[in-house]
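Novice: Have a look at this one.
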2 protein chains.
Amino acid sequence: METLKSYISGAWVAGTGKMATLVNPTTEEPVAQASTEGLDLGAAVAFARAEGGTALRALTFAQRGELIRAMSRTIHANRDALIELAIKNGGNTRSDAKFDIDGASGTLAAYADLGKELGDQRFLLDGEGVQLGRSPRFFGQHVSVPRHGVAVHVNAFNFPAWGLGEKAACALLAGVPVIVKPATSTALVAVRIVELIVAANILPRGALSLVTGSPGDLLTHLGGQDMLAFTGSSDTGAAIRLMGNIARGSVRVNVEADSLNGAILGPDAAQGSETYNLFLKDVVRDMTQKAGQKCTAIRRVFVPRDRLAEVRDDLVERLRDMKVGDPALEGVIVGPVATAQQLRDVRAGIERLAAEARIVLGGLGPFEKVGGLPDKGYFVPPTLLVNEAPEGARAVHEHEVFGPVSTVLPYDGTPALVSAVEKGGGGLVSSVYSDDRAFVADMVFGIAPFHGRLMLGSEKIADQTPGPGTVLPQLVHGGPGRAGGGEELGGLRGLAFYMQRTALQGARPMLDALLGVKR
Amino acid sequence: METLKSYISGAWVAGTGKMATLVNPTTEEPVAQASTEGLDLGAAVAFARAEGGTALRALTFAQRGELIRAMSRTIHANRDALIELAIKNGGNTRSDAKFDIDGASGTLAAYADLGKELGDQRFLLDGEGVQLGRSPRFFGQHVSVPRHGVAVHVNAFNFPAWGLGEKAACALLAGVPVIVKPATSTALVAVRIVELIVAANILPRGALSLVTGSPGDLLTHLGGQDMLAFTGSSDTGAAIRLMGNIARGSVRVNVEADSLNGAILGPDAAQGSETYNLFLKDVVRDMTQKAGQKCTAIRRVFVPRDRLAEVRDDLVERLRDMKVGDPALEGVIVGPVATAQQLRDVRAGIERLAAEARIVLGGLGPFEKVGGLPDKGYFVPPTLLVNEAPEGARAVHEHEVFGPVSTVLPYDGTPALVSAVEKGGGGLVSSVYSDDRAFVADMVFGIAPFHGRLMLGSEKIADQTPGPGTVLPQLVHGGPGRAGGGEELGGLRGLAFYMQRTALQGARPMLDALLGVKR
């Protein structure tokens, strides 16, 4: 069995001791193993800071953009091989795998373009300058410069490629070296991507490192110039924040965690309308794509109470056609969830939801599966619940079931709807399907404080929106409260986490000369 | 003795049980007492969120700005009475007290102006909109909306007025209610300010609350929409971050903590030059103003090695004239530090610095004091140290002595200087005194990542800069690493902490109508 290596301090090294095993979630067969035991992760952090940071800071944004473009191209050029790995280790269908891998190369390409746009500078001006004194001579100007630390990226198992790409794009463009720690269970794709980038000799020494397996003591080496971006469960996010060196050292932490994303059907979106069809399409896609394992997937479907039966029936009809089974087979839409633990968690989650709601499709019983061995694989059928009394319900608003599982909830009027959405305690994205501007306005200003992103589905864009589940490089990704309180991407906004904003105050001619500003 | 009250849930209430005693640091006489025992701080938080938050969000920025202007005017109208309290409870000289109180009214006025500028909106557009799809119809726009939580402001003892004013200005203008928790030891000024604002009936119910005394369980009631801005020691900052509900609930936390601010004399700034004199003036002011109890005060004075004796002598000469004593007396420049504990800490800190350096003025021995009883008061004379081997030194780079204490450190060349400044581990502000643009450029780009602000002192602005120790509302205040990793003020930037940035994606005509944008 292949032993996966880490790439640290400029070399590929394998850990020793007890290995974690990566499996094929369709067959449950082991596919690789990994360990970080015996690796000097403190030295890896110091190496990345010293070698990678210094090299990246010497480059302009345009030059860093070119490196990022080369990463994007390398991933795209190896798309087919990566898809095979994603099917094998991630339980991805071909379509799921493309979503992840093209997400990585697309986001990297977007940041390569941004680098080109930012051009031959090594720092950013932040906002307009401002007169500080009696005369215009005493002046202030904010600048953003790369921090001198390392960015550790602890990624989630569901997007081994995209998670790596979107986080690395922002850090590297900002001028900060990256140590990526993919989730061990699905690390195959991430490891292969780093191998390709290293083999193509794209980046300066130390700019990109890889820790494959347990994080070991990696996070204990972080300090006041370092950054830690984590995507995963709220519990792990909190545990990271509670580490002594993180809290005491003011390590910058970005957490992207649980989210009970809502899809809200407006009262005006009648059956058969483009807007209604978009709503159905988005809910079905989010429940089935990556077997529902997206942090942005719709978990709560809010519909006017008098439309409950109609929506339920329309969703059930469409979901029934979504074939579950071996993701390598054509026609299969829903592959397995990623690990045995995920399967246990999802099944326990369905039980928890079902204690307050009614299962109208799928659930814990037997179901039809295409291909594969009958008693193998971590499969869950698309499972739809209806909760007719969501005011008193708790689990549906608080417990993210990370599989092909959603609950339909009726609402009575906009204020009650806003308060029901709020019960999610902060989310990454919700979507509103309506062409009624007054309703959309009430919803947006009602629920925006609880979200990092709102997707407004309407007739006019029904043919071109990728749905709320797709994270776009131009828009921020993250959300308050339960969602972790973080923020990534959003074009230039995504660089702020990796840079220090510093106010400069002094004589205006001095500042202008220093910053190369022609006023 | 006066028992200070808290203003929570719309009423003035006194705690019970064991009281904390506020003293006059000049005479050590008790001046007031306070307790929060028995107060329902959970209800106070809920009241502020529900009543204050709802009322503030209903106002436009311009309307909130008017409230903030009224706060500023109320403080200014009662300046003389507040100065008396600051002398009595803070050990402030009249000049120290004005610095604090005018800082509060000035910062509030600046944010009142900003509110007027932002006008009749209730949310902010963030950046330009962006095309997301194949056609320009699918569009994205970021907006910032007020969070639905409460802002708890835990302020430091050194700026009871300014700390309250600068934090409240940003939160209230953003549309977020405030609970201010002044440091108990010097709370008199803050309590009086809140009394004045409440008596003038300026703010909506619940928009401003006051907790006087121990924070009790206040912070345990915070959740995912709440914000906590803390100014004080790194240890307390870390303890706050390590609270379970703060970490798990993704409560937004801003910490402004210890800082070993540097003043750097450029090799070109010759004795007698305007730039050199500005440098001397700033160091002396920062050591003596508020008895050195400013988070922005200069703690490390970096000078070219061959100028060490010259600078030392010039500083000693000026500092020798700074009279220490009863701050109520005319001519006294240096009042006492704020508390007996501060006195112990400062004296212990001087000992720690002196273990690695030489005291050339002041220190722990007897000194001349103007007025007051001989054996009373928490006085420390201006204390200057010289550390001739700063490379091996630790305390001078790591231990903030919060009193009239600075250390002069020689440097040999710019790279060594940059690395010596970095040893502070992240600071709020440093200042560079030079008219040599190449030297200034090397310093700025060398040390900017380690600072929230850099003051560039030069001939051209010598007559109008207030020095690095003055926090300006237009520029950010905060710093990475040891300084807490936070950021406040900076004009509009200061509102971001209190707002949720949300990406809206949808049909462009829908977004434009929703946001009132005319494109």
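Here's how to read the names in the structure tokens: chain A, B, ... by the order shown, residue numbers from 1 in each chain, ligand numbers from 1 in the order shown.
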For the interface of chain B with chain A (cut-off 7 Å, counting only C-alpha atoms), please tabulate each contacting residue of chain B alongside its nearest pair of atoms and their separation in Å to one decimal, rows sorted by chain and increasing number, as a tab-separated table.
Specialist:
residue	atom	partner	partner_atom	distance
B:Gly133	CA	A:Gln464	CA	6.2
B:Arg137	CA	A:Ile461	CA	7.0
B:Phe138	CA	A:Ile461	CA	5.9
B:Val145	CA	A:Pro449	CA	6.1
B:Pro146	CA	A:Pro449	CA	6.7
B:Arg147	CA	A:Pro449	CA	5.3
B:His148	CA	A:Pro449	CA	6.8
B:Gly224	CA	A:Gly481	CA	3.8
B:Gln225	CA	A:Gly481	CA	6.4
B:Ala238	CA	A:Arg248	CA	4.9
B:Arg241	CA	A:Ala247	CA	5.9
B:Leu242	CA	A:Leu242	CA	5.2
B:Ala247	CA	A:Ala238	CA	5.2
B:Arg248	CA	A:Ala238	CA	4.9
B:Gly249	CA	A:Gly481	CA	5.6
B:Ser250	CA	A:Gly481	CA	5.0
B:Val251	CA	A:Gly481	CA	6.9
B:Gly425	CA	A:Gly224	CA	7.0
B:Arg437	CA	A:Met510	CA	6.9
B:Ala441	CA	A:Leu514	CA	5.9
B:Ala448	CA	A:Thr502	CA	6.2
B:Pro449	CA	A:Arg147	CA	5.3
B:His451	CA	A:Thr502	CA	6.3
B:Gly452	CA	A:Thr502	CA	4.5
B:Arg453	CA	A:Ala503	CA	4.4
B:Leu454	CA	A:Leu504	CA	5.0
B:Met455	CA	A:Gln505	CA	5.0
B:Leu456	CA	A:Gly506	CA	4.7
B:Gly457	CA	A:Gly506	CA	6.2
B:Ser458	CA	A:Ala507	CA	7.0
B:Lys460	CA	A:Ala507	CA	6.1
B:Ile461	CA	A:Ala507	CA	5.8
B:Gln464	CA	A:Gly133	CA	6.2
B:Leu475	CA	A:Ala503	CA	5.9
B:Val476	CA	A:Ala503	CA	6.1
B:Pro480	CA	A:Gly224	CA	6.3
B:Gly481	CA	A:Gly224	CA	3.8
B:Arg482	CA	A:Gly249	CA	6.5
B:Gly484	CA	A:Ser250	CA	5.6
B:Gly485	CA	A:Ser250	CA	5.4
B:Gln500	CA	A:Pro449	CA	5.4
B:Arg501	CA	A:Gly452	CA	6.4
B:Thr502	CA	A:Gly452	CA	4.5
B:Ala503	CA	A:Arg453	CA	4.4
B:Leu504	CA	A:Leu454	CA	5.0
B:Gln505	CA	A:Met455	CA	5.0
B:Gly506	CA	A:Leu456	CA	4.7
B:Ala507	CA	A:Ile461	CA	5.8
B:Met510	CA	A:Arg437	CA	6.9
B:Leu514	CA	A:Ala441	CA	5.9
Novice: Give me, as a VMD selection string, the residues of segment 173-404 of chain B that a backbone DSSP run labels alpha helix (DSSP H).
Specialist: chain B and resid 173 to 174 188 to 199 234 to 241 244 to 248 274 to 288 308 to 320 340 to 354 395 to 398
Novice: Would you pick out the contacts of Ala169 of chain A at 7 Å or less, using only C-alpha atoms, so that residues sharing its chain but fewer than 6 positions from it are not included, and give the list as a PyMOL selection string?
Specialist: chain A and resi 68+108+111
Novice: Could you tell me how far atom CA of Gly213 of chain B lies from atom CA of Asp102 of chain B, in Å and to one decimal?
Specialist: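 According to the coordinates, atom CA of Gly213 of chain B and atom CA of Asp102 of chain B are separated by 24.5 Å.
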Novice: What's around Leu67 of chain B at 9 Å? Count only C-alpha atoms, leave out sequence neighbours fewer than 2 positions away in its own chain, and write the answer as an MDAnalysis selection string.
Specialist: chainID B and resid 62:65 69:72 112 172:173 202:203
Novice: Neighbours of Tyr276 of chain A within 12 Å (only C-alpha atoms; same-chain residues fewer than 6 positions away dropped), as a list in words?
Specialist: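 Skipping anything fewer than 6 positions along the chain leaves Ala263, Ile264, Leu265, Gly266, Pro267, Asp268, Ala269, Ala270, Asp282, Val283, Val303, Arg307, Glu310, Val311, Asp314, Leu315, Val432, Tyr433, Ser434, Asp435, Gly457, Ser458, Glu459 and Ala462 of chain A.
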Novice: State, in Å with one decimal place, the distance from atom CA of Ala104 of chain A to atom CA of Leu228 of chain A.
Specialist: 19.4 Å
Novice: Quote the spacing between atom CA of His399 of chain B and atom CA of Leu364 of chain B in Å to one decimal place.
Specialist: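 Spanning atom CA of His399 of chain B to atom CA of Leu364 of chain B is a straight-line distance of 17.4 Å.
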Novice: As a PyMOL selection string, which residues of segment 312-499 of chain B does DSSP assign to strand (DSSP E)?
Specialist: chain B and resi 358-361+383-386+405-411+427-433+451-457+476-477+488-489+499
Novice: Generate a file of the selected residues that holds N, CA and C atoms, formatted as a compact mmCIF listing (two decimals), in the first residue's frame.
Specialist:
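Dumped to again_8.txt:
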# COMPACT_ATOMS: atom_id res chain seq x y z
N ARG B 358 21.34 49.90 32.32
CA ARG B 358 21.82 50.83 33.34
C ARG B 358 20.80 51.96 33.47
N ILE B 359 20.43 52.27 34.71
CA ILE B 359 19.53 53.40 34.93
C ILE B 359 20.35 54.69 34.89
N VAL B 360 19.96 55.62 34.01
CA VAL B 360 20.71 56.87 33.93
C VAL B 360 19.92 58.05 34.50
N LEU B 361 18.65 57.81 34.78
CA LEU B 361 17.84 58.83 35.45
C LEU B 361 16.70 58.13 36.16
N THR B 383 12.10 57.67 34.44
CA THR B 383 13.21 56.73 34.58
C THR B 383 13.73 56.34 33.20
N LEU B 384 14.97 56.71 32.95
CA LEU B 384 15.58 56.39 31.66
C LEU B 384 16.69 55.37 31.87
N LEU B 385 16.68 54.36 31.04
CA LEU B 385 17.73 53.34 31.09
C LEU B 385 18.50 53.35 29.78
N VAL B 386 19.70 52.84 29.83
CA VAL B 386 20.47 52.62 28.61
C VAL B 386 20.89 51.17 28.57
N VAL B 405 8.78 55.29 31.93
CA VAL B 405 10.01 54.50 31.84
C VAL B 405 10.31 54.17 30.38
N SER B 406 11.53 54.50 29.95
CA SER B 406 11.98 54.11 28.61
C SER B 406 13.43 53.69 28.65
N THR B 407 13.83 52.96 27.63
CA THR B 407 15.21 52.50 27.53
C THR B 407 15.80 52.95 26.20
N VAL B 408 17.00 53.49 26.25
CA VAL B 408 17.72 53.86 25.03
C VAL B 408 18.58 52.68 24.59
N LEU B 409 18.47 52.35 23.30
CA LEU B 409 19.19 51.20 22.74
C LEU B 409 19.99 51.65 21.52
N PRO B 410 21.29 51.34 21.47
CA PRO B 410 22.06 51.70 20.29
C PRO B 410 21.82 50.70 19.15
N TYR B 411 21.94 51.16 17.92
CA TYR B 411 21.89 50.21 16.79
C TYR B 411 23.06 50.43 15.85
N GLY B 427 3.62 45.55 17.66
CA GLY B 427 3.31 46.72 18.48
C GLY B 427 2.25 47.60 17.86
N LEU B 428 1.80 48.57 18.67
CA LEU B 428 0.76 49.49 18.22
C LEU B 428 1.31 50.55 17.28
N VAL B 429 2.45 51.10 17.64
CA VAL B 429 3.00 52.21 16.86
C VAL B 429 4.49 52.30 17.11
N SER B 430 5.23 52.64 16.07
CA SER B 430 6.60 53.08 16.28
C SER B 430 6.79 54.33 15.46
N SER B 431 7.86 55.05 15.77
CA SER B 431 8.09 56.32 15.07
C SER B 431 9.52 56.35 14.56
N VAL B 432 9.66 56.94 13.39
CA VAL B 432 10.96 57.05 12.73
C VAL B 432 11.23 58.53 12.53
N TYR B 433 12.38 59.00 13.00
CA TYR B 433 12.71 60.41 12.90
C TYR B 433 13.86 60.58 11.93
N HIS B 451 3.50 46.35 12.96
CA HIS B 451 2.85 47.51 13.57
C HIS B 451 1.50 47.83 12.96
N GLY B 452 0.66 48.42 13.78
CA GLY B 452 -0.59 48.95 13.28
C GLY B 452 -0.47 50.38 12.76
N ARG B 453 0.58 51.07 13.23
CA ARG B 453 0.75 52.46 12.80
C ARG B 453 2.22 52.82 12.87
N LEU B 454 2.67 53.64 11.94
CA LEU B 454 4.03 54.16 11.96
C LEU B 454 3.96 55.67 11.79
N MET B 455 4.63 56.34 12.69
CA MET B 455 4.69 57.81 12.64
C MET B 455 6.05 58.19 12.07
N LEU B 456 6.03 58.93 10.97
CA LEU B 456 7.29 59.32 10.33
C LEU B 456 7.56 60.78 10.65
N GLY B 457 8.43 61.00 11.63
CA GLY B 457 8.73 62.36 12.07
C GLY B 457 9.79 62.99 11.18
N VAL B 476 -6.00 53.75 11.83
CA VAL B 476 -6.26 52.58 12.65
C VAL B 476 -5.37 52.58 13.89
N HIS B 477 -5.89 51.95 14.93
CA HIS B 477 -5.18 51.81 16.20
C HIS B 477 -5.27 50.34 16.59
N GLU B 488 -8.78 49.14 15.71
CA GLU B 488 -9.91 50.03 15.99
C GLU B 488 -9.75 51.29 15.17
N LEU B 489 -10.80 52.09 15.14
CA LEU B 489 -10.79 53.42 14.50
C LEU B 489 -10.42 53.34 13.01
N MET B 499 -20.09 45.24 12.10
CA MET B 499 -21.01 44.97 11.00
C MET B 499 -20.71 43.61 10.39
Novice: May I have the residues within 6 Å of Lys181 of chain B as a PyMOL selection string, using only C-alpha atoms and disregarding those fewer than 4 positions away in the same chain?
Specialist: chain B and resi 153-154+211
Novice: Take the residues from that selection and write them out as a PDB file, in the first residue's frame, keeping C-alpha atoms.
Specialist:
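What follows is the written file result.pdb:
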ATOM      1  CA  HIS B 153     -16.296  47.382  25.712  1.00  0.00           C
ATOM      2  CA  VAL B 154     -13.847  46.472  28.432  1.00  0.00           C
ATOM      3  CA  VAL B 211     -21.262  48.097  34.236  1.00  0.00           C
TER       4      VAL B 211
END
